[in-house]
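What follows is one structure encoded as structure tokens, with my remarks underneath.
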Amino acid sequence: MRNLMYVLAFVALLVSSCAHKNEEIEQLKKANADLRQQLALRNDEMNSFMESFNEIEENLARIRATEKIIAKQTGSGELQGNRLETVKSDIQAIDDLMKQNRETIASLSSKLKSAKGENKELSRMITNLEKMVAQKDEEIVSLVAQLENLNVEVQNLYTSVTDLKQETAEKSAVIDTQDKALHTAYYIIGNEKELKEKEIIVTKGGIIGLGKVEKLRQDFPTDLFTEIDIREKNIFTIDAKKVNLLTQHPSDSYLIRKNDDKRYYSFEITNPEQFWKASKYMVLVLD
């Protein structure tokens with residue numbers, strides 16, 4: 001009876017060991033399948049990268065061939081008729097190929113960022129392609145400029161030139177806007193009654209008109225002021241017995257001229273930079 005129990009125990013142990021080994025074998029098979037799938041995906045990914053690399057290199061080779069054709073066309077006298085149209089068509093074709101190159105490189109960079117793991121070799125290859133395309137772009141821009149010197153209007157056919165012109169125009173517009181804002185100021189001149197009616201100034205203090213003080217309203221309406229370029233207008237004609245400059249400006253940055261009749265006839269800004277530094281608004285109250 002005891003021997004039978006030993007036999008049964010041994011059989012149970014053997015069965016358990018076999019089941020455990022079968023489980024390990026299944027796990028190994030699954031891991032192996034996963035690894036092969038990863039390798040297959042990686043190979044597909046690498047093949048996709050290589051196809052894109054080859055496509056860019058082929059495009060660059062076609063561009064170089066087209067450049068030689070253009071050089072031959074332009075090297076034999078004035079461009080007219082079919083030759084002129086051929087050159088324009090070639091520039092358009094080059095532009096299309098360069099657009100493809102830029103789009104492909106952008107796609108490669110995006111794929112590389114989303115790819116699992118770091119691949120320095122692919123990153124290096126993409127960087128080299130970017131440099132090659134950028135260099136070729138500079139060469140084509142130069143070629144377009146040469147054609148323009150021959151009165152061949154192709155600037156608008158090459159994207160980089162068009163983009164550069166637009167970028168330059170936009171930068172110029174921004175600079176002009178900033179320059180105008182920097183040199184723009186506003187002024188208003190009038191007697192006390194006029195400026196009070198326009199709610200530019202208020203009168204405070206005083207008894208029966210004596211000792212009153214004219215002050216600038218804190219929320220005065222700016223739309224009633226006249227806009228000027230401080231580089232162009234620095235002299236303001238006036239006619240008054242008294243002149244009160246309500247806005248704050250350095251006293252040594254302006255002059256108020258008086259004639260023989262002791263009437264003020266001119267307000268002159270002698271140092272525009274200092275005068276307008278404290279305030280871009282000027283309010284003159286005349287009496």
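For the structure tokens, the naming scheme is as follows: chains receive sequential letters (A, B, ...) according to their order of presentation, residues are indexed from 1 within each chain, and ligands are indexed from 1 in presentation order.
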
* Please return as a list in words: the residues of stretch 192-255 of chain A that backbone DSSP assigns to alpha helix (DSSP H). =>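 So the alpha helix (DSSP H) residues in stretch 192-255 of chain A would be Glu192, Lys193, Glu194, Leu195, Lys196 and Glu197 of chain A.
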
* Asked: What are the DSSP strand (DSSP E) residues of stretch 118-201 of chain A, as a PyMOL selection string?
  -> chain A and resi 184-191+201

Please, could you write that set of residues out with N, CA, C and O atoms as a PDB file, in the first residue's frame?
```pdb
ATOM      1  N   THR A 184       4.905 108.481 -33.749  1.00  0.00           N
ATOM      2  CA  THR A 184       3.572 109.089 -33.797  1.00  0.00           C
ATOM      3  C   THR A 184       3.232 109.746 -32.463  1.00  0.00           C
ATOM      4  O   THR A 184       3.486 109.179 -31.403  1.00  0.00           O
ATOM      5  N   ALA A 185       2.675 110.945 -32.542  1.00  0.00           N
ATOM      6  CA  ALA A 185       2.223 111.644 -31.333  1.00  0.00           C
ATOM      7  C   ALA A 185       0.909 112.356 -31.662  1.00  0.00           C
ATOM      8  O   ALA A 185       0.471 112.377 -32.825  1.00  0.00           O
ATOM      9  N   TYR A 186       0.297 112.961 -30.622  1.00  0.00           N
ATOM     10  CA  TYR A 186      -1.024 113.567 -30.800  1.00  0.00           C
ATOM     11  C   TYR A 186      -1.074 114.913 -30.058  1.00  0.00           C
ATOM     12  O   TYR A 186      -0.492 115.046 -28.984  1.00  0.00           O
ATOM     13  N   TYR A 187      -1.757 115.866 -30.664  1.00  0.00           N
ATOM     14  CA  TYR A 187      -1.850 117.175 -30.003  1.00  0.00           C
ATOM     15  C   TYR A 187      -3.238 117.782 -30.213  1.00  0.00           C
ATOM     16  O   TYR A 187      -3.972 117.430 -31.150  1.00  0.00           O
ATOM     17  N   ILE A 188      -3.565 118.713 -29.324  1.00  0.00           N
ATOM     18  CA  ILE A 188      -4.779 119.505 -29.470  1.00  0.00           C
ATOM     19  C   ILE A 188      -4.499 120.884 -28.890  1.00  0.00           C
ATOM     20  O   ILE A 188      -3.827 121.025 -27.868  1.00  0.00           O
ATOM     21  N   ILE A 189      -4.962 121.922 -29.596  1.00  0.00           N
ATOM     22  CA  ILE A 189      -4.750 123.313 -29.184  1.00  0.00           C
ATOM     23  C   ILE A 189      -6.099 124.033 -29.193  1.00  0.00           C
ATOM     24  O   ILE A 189      -6.876 123.897 -30.140  1.00  0.00           O
ATOM     25  N   GLY A 190      -6.377 124.782 -28.146  1.00  0.00           N
ATOM     26  CA  GLY A 190      -7.631 125.527 -28.099  1.00  0.00           C
ATOM     27  C   GLY A 190      -7.715 126.369 -26.842  1.00  0.00           C
ATOM     28  O   GLY A 190      -6.855 126.281 -25.962  1.00  0.00           O
ATOM     29  N   ASN A 191      -8.752 127.198 -26.784  1.00  0.00           N
ATOM     30  CA  ASN A 191      -8.929 127.997 -25.567  1.00  0.00           C
ATOM     31  C   ASN A 191      -9.645 127.171 -24.497  1.00  0.00           C
ATOM     32  O   ASN A 191     -10.091 126.044 -24.746  1.00  0.00           O
ATOM     33  N   ILE A 201     -10.259 119.168 -20.750  1.00  0.00           N
ATOM     34  CA  ILE A 201      -9.775 119.727 -19.489  1.00  0.00           C
ATOM     35  C   ILE A 201     -10.934 119.997 -18.540  1.00  0.00           C
ATOM     36  O   ILE A 201     -12.104 120.032 -18.951  1.00  0.00           O
TER      37      ILE A 201
END
```

* To do: Excluding A:Lys258 and any residue of its chain fewer than 4 positions from it, enumerate the residues within 10 Å of it, using only C-alpha atoms, and give them as a list in words.
  => Asp239, Ala240, Lys241, Lys262, Arg263, Tyr264, Tyr265, Ser266 and Phe267 of chain A

Go ahead and dump the residues you just picked, C-alpha atoms, as a short mmCIF file (atom, residue, chain, number, x, y, z; two decimals), in the first residue's frame.
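Listed below is the output, out-v9.cif:
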```cif
data_model
loop_
_atom_site.label_atom_id
_atom_site.label_comp_id
_atom_site.auth_asym_id
_atom_site.auth_seq_id
_atom_site.Cartn_x
_atom_site.Cartn_y
_atom_site.Cartn_z
CA ASP A 239 -1.95 133.47 -31.29
CA ALA A 240 -2.47 134.15 -27.59
CA LYS A 241 -1.57 136.35 -24.65
CA LYS A 262 3.88 140.50 -26.47
CA ARG A 263 1.63 137.90 -28.00
CA TYR A 264 2.73 134.32 -28.35
CA TYR A 265 2.80 133.29 -31.99
CA SER A 266 4.73 130.01 -32.09
CA PHE A 267 5.18 126.88 -30.00
#
```

* A:Glu67 environment, 9 Å, only C-alpha atoms, sequence neighbours closer than 5 positions dropped, as an NGL selection string -> :A and (62 or 72 or 90-91 or 94 or 140 or 143)

May I have the selected residues written with all heavy atoms, as an mmCIF file, in the first residue's frame?
```
data_model
loop_
_atom_site.group_PDB
_atom_site.id
_atom_site.type_symbol
_atom_site.label_atom_id
_atom_site.label_comp_id
_atom_site.auth_asym_id
_atom_site.auth_seq_id
_atom_site.Cartn_x
_atom_site.Cartn_y
_atom_site.Cartn_z
ATOM 1 N N ARG A 62 17.373 64.276 -60.742
ATOM 2 C CA ARG A 62 16.554 64.826 -61.827
ATOM 3 C C ARG A 62 16.675 66.350 -61.887
ATOM 4 O O ARG A 62 16.691 66.949 -62.969
ATOM 5 C CB ARG A 62 15.097 64.418 -61.620
ATOM 6 C CG ARG A 62 14.841 62.926 -61.823
ATOM 7 C CD ARG A 62 13.461 62.520 -61.352
ATOM 8 N NE ARG A 62 12.407 63.200 -62.118
ATOM 9 C CZ ARG A 62 11.115 63.100 -61.817
ATOM 10 N NH1 ARG A 62 10.733 62.370 -60.773
ATOM 11 N NH2 ARG A 62 10.216 63.720 -62.552
ATOM 12 N N LYS A 72 22.059 74.972 -70.772
ATOM 13 C CA LYS A 72 22.277 74.840 -72.216
ATOM 14 C C LYS A 72 21.339 75.754 -72.991
ATOM 15 O O LYS A 72 21.726 76.380 -73.988
ATOM 16 C CB LYS A 72 22.061 73.378 -72.621
ATOM 17 C CG LYS A 72 22.385 73.096 -74.082
ATOM 18 C CD LYS A 72 22.231 71.607 -74.386
ATOM 19 C CE LYS A 72 22.558 71.345 -75.856
ATOM 20 N NZ LYS A 72 22.413 69.895 -76.184
ATOM 21 N N ASP A 90 10.665 73.996 -67.001
ATOM 22 C CA ASP A 90 11.704 73.291 -66.235
ATOM 23 C C ASP A 90 11.801 73.821 -64.808
ATOM 24 O O ASP A 90 11.963 73.043 -63.862
ATOM 25 C CB ASP A 90 13.065 73.447 -66.940
ATOM 26 C CG ASP A 90 13.147 72.619 -68.213
ATOM 27 O OD1 ASP A 90 12.348 71.681 -68.356
ATOM 28 O OD2 ASP A 90 14.020 72.915 -69.061
ATOM 29 N N ILE A 91 11.706 75.138 -64.652
ATOM 30 C CA ILE A 91 11.744 75.729 -63.308
ATOM 31 C C ILE A 91 10.544 75.256 -62.499
ATOM 32 O O ILE A 91 10.661 74.933 -61.308
ATOM 33 C CB ILE A 91 11.754 77.276 -63.387
ATOM 34 C CG1 ILE A 91 13.084 77.771 -63.968
ATOM 35 C CG2 ILE A 91 11.528 77.891 -62.001
ATOM 36 C CD1 ILE A 91 14.290 77.482 -63.097
ATOM 37 N N ILE A 94 11.224 71.718 -61.408
ATOM 38 C CA ILE A 94 12.180 71.718 -60.293
ATOM 39 C C ILE A 94 11.475 72.087 -58.998
ATOM 40 O O ILE A 94 11.711 71.486 -57.942
ATOM 41 C CB ILE A 94 13.336 72.703 -60.581
ATOM 42 C CG1 ILE A 94 14.255 72.131 -61.666
ATOM 43 C CG2 ILE A 94 14.140 72.988 -59.308
ATOM 44 C CD1 ILE A 94 15.365 73.083 -62.097
ATOM 45 N N ILE A 140 19.264 76.855 -56.609
ATOM 46 C CA ILE A 140 18.149 77.150 -57.521
ATOM 47 C C ILE A 140 17.723 78.613 -57.395
ATOM 48 O O ILE A 140 17.390 79.259 -58.394
ATOM 49 C CB ILE A 140 16.962 76.212 -57.231
ATOM 50 C CG1 ILE A 140 17.393 74.759 -57.436
ATOM 51 C CG2 ILE A 140 15.792 76.526 -58.151
ATOM 52 C CD1 ILE A 140 16.387 73.747 -56.929
ATOM 53 N N LEU A 143 20.043 80.426 -59.438
ATOM 54 C CA LEU A 143 19.730 80.208 -60.854
ATOM 55 C C LEU A 143 18.555 81.082 -61.282
ATOM 56 O O LEU A 143 18.578 81.696 -62.362
ATOM 57 C CB LEU A 143 19.402 78.731 -61.083
ATOM 58 C CG LEU A 143 18.883 78.358 -62.477
ATOM 59 C CD1 LEU A 143 19.930 78.674 -63.546
ATOM 60 C CD2 LEU A 143 18.490 76.873 -62.522
#
```

Find the spatial neighbours of A:Leu122, counting only C-alpha atoms, within a cut-off of 12 Å - ignore same-chain residues fewer than 3 positions away - and output them as a short mmCIF file (atom, residue, chain, number, x, y, z; two decimals) with N, CA, C and O atoms, in the first residue's frame.
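The new file part_19.cif reads:
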```cif
data_model
loop_
_atom_site.label_atom_id
_atom_site.label_comp_id
_atom_site.auth_asym_id
_atom_site.auth_seq_id
_atom_site.Cartn_x
_atom_site.Cartn_y
_atom_site.Cartn_z
N GLU A 45 9.59 49.38 -41.41
CA GLU A 45 9.87 50.78 -41.11
C GLU A 45 11.17 51.23 -41.77
O GLU A 45 11.25 52.30 -42.39
N MET A 46 12.20 50.38 -41.66
CA MET A 46 13.49 50.70 -42.26
C MET A 46 13.38 50.76 -43.78
O MET A 46 13.94 51.65 -44.42
N ASN A 47 12.62 49.83 -44.36
CA ASN A 47 12.43 49.83 -45.82
C ASN A 47 11.73 51.09 -46.27
O ASN A 47 12.04 51.67 -47.32
N SER A 48 10.74 51.55 -45.44
CA SER A 48 10.02 52.77 -45.77
C SER A 48 10.95 53.98 -45.75
O SER A 48 10.90 54.83 -46.63
N PHE A 49 11.83 54.03 -44.74
CA PHE A 49 12.81 55.12 -44.66
C PHE A 49 13.73 55.10 -45.88
O PHE A 49 14.00 56.14 -46.49
N MET A 50 14.22 53.91 -46.21
CA MET A 50 15.16 53.79 -47.33
C MET A 50 14.51 54.19 -48.65
O MET A 50 15.13 54.81 -49.51
N SER A 52 12.15 56.36 -49.00
CA SER A 52 12.06 57.83 -48.99
C SER A 52 13.41 58.47 -49.27
O SER A 52 13.51 59.46 -50.01
N PHE A 53 14.47 57.92 -48.68
CA PHE A 53 15.82 58.43 -48.94
C PHE A 53 16.13 58.34 -50.44
O PHE A 53 16.65 59.29 -51.05
N ILE A 105 10.93 64.89 -46.32
CA ILE A 105 11.79 65.07 -45.14
C ILE A 105 10.96 65.35 -43.90
O ILE A 105 11.24 64.83 -42.82
N LEU A 108 9.54 62.08 -42.81
CA LEU A 108 10.56 61.24 -42.20
C LEU A 108 10.85 61.68 -40.76
O LEU A 108 10.98 60.85 -39.86
N SER A 109 10.96 62.98 -40.57
CA SER A 109 11.23 63.51 -39.23
C SER A 109 10.11 63.16 -38.27
O SER A 109 10.34 62.80 -37.11
N LYS A 111 8.02 60.58 -38.57
CA LYS A 111 8.06 59.13 -38.32
C LYS A 111 9.15 58.78 -37.32
O LYS A 111 8.97 57.93 -36.46
N LEU A 112 10.29 59.45 -37.45
CA LEU A 112 11.40 59.14 -36.56
C LEU A 112 11.07 59.49 -35.12
O LEU A 112 11.44 58.79 -34.18
N LYS A 113 10.33 60.60 -34.93
CA LYS A 113 9.95 61.01 -33.58
C LYS A 113 8.98 60.02 -32.94
O LYS A 113 9.03 59.77 -31.73
N ALA A 115 8.76 56.82 -33.79
CA ALA A 115 9.29 55.46 -33.80
C ALA A 115 9.78 55.07 -32.41
O ALA A 115 10.24 55.91 -31.63
N GLY A 117 12.21 53.67 -29.70
CA GLY A 117 13.66 53.60 -29.57
C GLY A 117 14.36 54.72 -30.33
O GLY A 117 13.77 55.41 -31.16
N GLU A 118 15.62 54.91 -30.06
CA GLU A 118 16.41 55.96 -30.69
C GLU A 118 17.25 55.36 -31.82
O GLU A 118 17.88 54.32 -31.66
N ASN A 119 17.22 56.02 -32.97
CA ASN A 119 18.01 55.54 -34.09
C ASN A 119 18.88 56.70 -34.58
O ASN A 119 18.44 57.54 -35.37
N MET A 125 21.10 60.54 -41.14
CA MET A 125 20.78 60.53 -42.57
C MET A 125 19.76 61.61 -42.92
O MET A 125 19.88 62.28 -43.96
N ILE A 126 18.77 61.80 -42.06
CA ILE A 126 17.76 62.85 -42.30
C ILE A 126 18.42 64.23 -42.25
O ILE A 126 18.13 65.10 -43.09
N THR A 127 19.31 64.42 -41.29
CA THR A 127 20.02 65.71 -41.18
C THR A 127 20.83 65.99 -42.44
O THR A 127 20.84 67.12 -42.96
N ASN A 128 21.50 64.98 -42.96
CA ASN A 128 22.29 65.14 -44.18
C ASN A 128 21.40 65.47 -45.37
O ASN A 128 21.75 66.31 -46.22
N LEU A 129 20.23 64.81 -45.44
CA LEU A 129 19.30 65.11 -46.53
C LEU A 129 18.80 66.55 -46.44
O LEU A 129 18.67 67.24 -47.46
#
```

* Please measure the separation of atom CA of A:Asp260 and atom CA of A:Leu245, giving the value in Å to one decimal. =>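 Separating atom CA of A:Asp260 from atom CA of A:Leu245 is a distance of 21.9 Å.
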
Just the residues within 12 Å of A:Glu85, please, counting only C-alpha atoms, with nothing from its chain fewer than 3 positions along; format it as a compact mmCIF listing (two decimals) with all heavy atoms, in the first residue's frame.
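The file below, part-v8.txt, is the result:
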```txt
# COMPACT_ATOMS: atom_id res chain seq x y z
N ILE A 70 18.69 73.68 -68.56
CA ILE A 70 18.43 75.13 -68.51
C ILE A 70 19.69 75.90 -68.87
O ILE A 70 19.63 76.89 -69.63
CB ILE A 70 17.93 75.53 -67.10
CG1 ILE A 70 16.54 74.94 -66.85
CG2 ILE A 70 17.88 77.05 -66.96
CD1 ILE A 70 16.02 75.17 -65.45
N GLN A 73 20.08 75.84 -72.52
CA GLN A 73 19.09 76.69 -73.18
C GLN A 73 19.48 78.16 -73.11
O GLN A 73 19.30 78.92 -74.06
CB GLN A 73 17.71 76.48 -72.55
CG GLN A 73 17.10 75.11 -72.79
CD GLN A 73 16.48 75.00 -74.18
OE1 GLN A 73 16.47 75.94 -74.95
NE2 GLN A 73 16.00 73.82 -74.50
N THR A 74 19.97 78.59 -71.94
CA THR A 74 20.28 80.01 -71.73
C THR A 74 21.67 80.39 -72.23
O THR A 74 21.99 81.58 -72.29
CB THR A 74 20.19 80.35 -70.23
OG1 THR A 74 21.09 79.49 -69.50
CG2 THR A 74 18.78 80.16 -69.72
N LEU A 79 16.45 84.13 -75.01
CA LEU A 79 15.39 83.13 -74.91
C LEU A 79 14.09 83.68 -75.49
O LEU A 79 13.61 84.74 -75.07
CB LEU A 79 15.19 82.73 -73.46
CG LEU A 79 16.27 81.85 -72.83
CD1 LEU A 79 15.98 81.67 -71.35
CD2 LEU A 79 16.34 80.51 -73.51
N GLN A 80 13.55 82.97 -76.42
CA GLN A 80 12.28 83.36 -77.01
C GLN A 80 11.46 82.12 -77.36
O GLN A 80 12.01 81.02 -77.47
CB GLN A 80 12.50 84.21 -78.27
CG GLN A 80 13.09 85.59 -78.00
CD GLN A 80 13.25 86.40 -79.27
OE1 GLN A 80 13.22 85.84 -80.36
NE2 GLN A 80 13.44 87.70 -79.13
N GLY A 81 10.18 82.33 -77.56
CA GLY A 81 9.32 81.27 -78.05
C GLY A 81 9.35 80.01 -77.23
O GLY A 81 9.21 80.02 -76.01
N ASN A 82 9.55 78.88 -77.92
CA ASN A 82 9.51 77.57 -77.28
C ASN A 82 10.61 77.40 -76.24
O ASN A 82 10.40 76.77 -75.20
CB ASN A 82 9.63 76.47 -78.33
CG ASN A 82 8.40 76.40 -79.22
OD1 ASN A 82 7.31 76.82 -78.81
ND2 ASN A 82 8.56 75.89 -80.43
N LYS A 88 10.79 77.95 -68.46
CA LYS A 88 9.78 78.18 -67.42
C LYS A 88 9.19 76.86 -66.92
O LYS A 88 8.97 76.67 -65.72
CB LYS A 88 8.67 79.08 -67.96
CG LYS A 88 9.09 80.53 -68.17
CD LYS A 88 7.90 81.38 -68.60
CE LYS A 88 8.29 82.85 -68.72
NZ LYS A 88 7.14 83.70 -69.10
N SER A 89 8.92 75.96 -67.87
CA SER A 89 8.38 74.66 -67.51
C SER A 89 9.38 73.87 -66.66
O SER A 89 8.99 73.18 -65.71
CB SER A 89 8.04 73.87 -68.78
OG SER A 89 7.56 72.59 -68.46
N ASP A 90 10.66 74.00 -67.00
CA ASP A 90 11.70 73.29 -66.23
C ASP A 90 11.80 73.82 -64.81
O ASP A 90 11.96 73.04 -63.86
CB ASP A 90 13.06 73.45 -66.94
CG ASP A 90 13.15 72.62 -68.21
OD1 ASP A 90 12.35 71.68 -68.36
OD2 ASP A 90 14.02 72.92 -69.06
N ILE A 91 11.71 75.14 -64.65
CA ILE A 91 11.74 75.73 -63.31
C ILE A 91 10.54 75.26 -62.50
O ILE A 91 10.66 74.93 -61.31
CB ILE A 91 11.75 77.28 -63.39
CG1 ILE A 91 13.08 77.77 -63.97
CG2 ILE A 91 11.53 77.89 -62.00
CD1 ILE A 91 14.29 77.48 -63.10
N GLN A 92 9.38 75.18 -63.15
CA GLN A 92 8.19 74.69 -62.47
C GLN A 92 8.36 73.24 -62.04
O GLN A 92 7.96 72.85 -60.93
CB GLN A 92 6.98 74.83 -63.40
CG GLN A 92 5.66 74.46 -62.74
CD GLN A 92 5.24 75.44 -61.67
OE1 GLN A 92 4.97 76.59 -61.95
NE2 GLN A 92 5.19 74.98 -60.42
N VAL A 152 14.12 86.82 -67.91
CA VAL A 152 13.24 85.64 -67.92
C VAL A 152 12.48 85.64 -66.60
O VAL A 152 13.05 85.43 -65.54
CB VAL A 152 14.06 84.34 -68.05
CG1 VAL A 152 13.11 83.14 -68.09
CG2 VAL A 152 14.92 84.38 -69.30
N GLU A 153 11.19 85.93 -66.65
CA GLU A 153 10.40 86.08 -65.44
C GLU A 153 9.98 84.72 -64.88
O GLU A 153 9.01 84.11 -65.33
CB GLU A 153 9.16 86.94 -65.74
CG GLU A 153 9.51 88.36 -66.18
CD GLU A 153 8.27 89.18 -66.49
OE1 GLU A 153 7.16 88.65 -66.29
OE2 GLU A 153 8.42 90.34 -66.91
N VAL A 154 10.75 84.26 -63.90
CA VAL A 154 10.48 82.94 -63.31
C VAL A 154 10.42 82.99 -61.78
O VAL A 154 10.27 81.95 -61.14
CB VAL A 154 11.56 81.90 -63.75
CG1 VAL A 154 11.43 81.58 -65.22
CG2 VAL A 154 12.96 82.41 -63.42
```

* **Near-stretch 155-160 of chain A list (12 Å; only C-alpha atoms; drop same-chain fewer than 6 positions) as a ChimeraX atom specification** => /A:87-100,102,133-134,136-149,166-168

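Distance check against A:Val202 using only C-alpha atoms: of A:Ile256, A:Val285, A:Ala106, A:Val174, the minimum falls on A:Val285.
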
* Asked: Can you tell me how far atom CA of A:Asp223 sits from atom CA of A:Thr270, in Å to one decimal?
  ->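 So the answer is 26.0 Å.
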
* So how many Å separate atom CA of A:Asn59 and atom CA of A:Lys131, to one decimal? -> 14.7 Å

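Ranking A:Asn259, A:Asp179, A:Pro250, A:Glu199 by their shortest atom-to-atom distance to A:Asp229, with only C-alpha atoms included, puts A:Asp179 first.
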
* To do: Select, from A:Met282, A:His249, A:Glu194, A:Asn234, the residue with the minimum atom-to-atom distance to A:Thr222, counting only C-alpha atoms.
  =>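 The answer is A:Met282, which sits nearest to A:Thr222.
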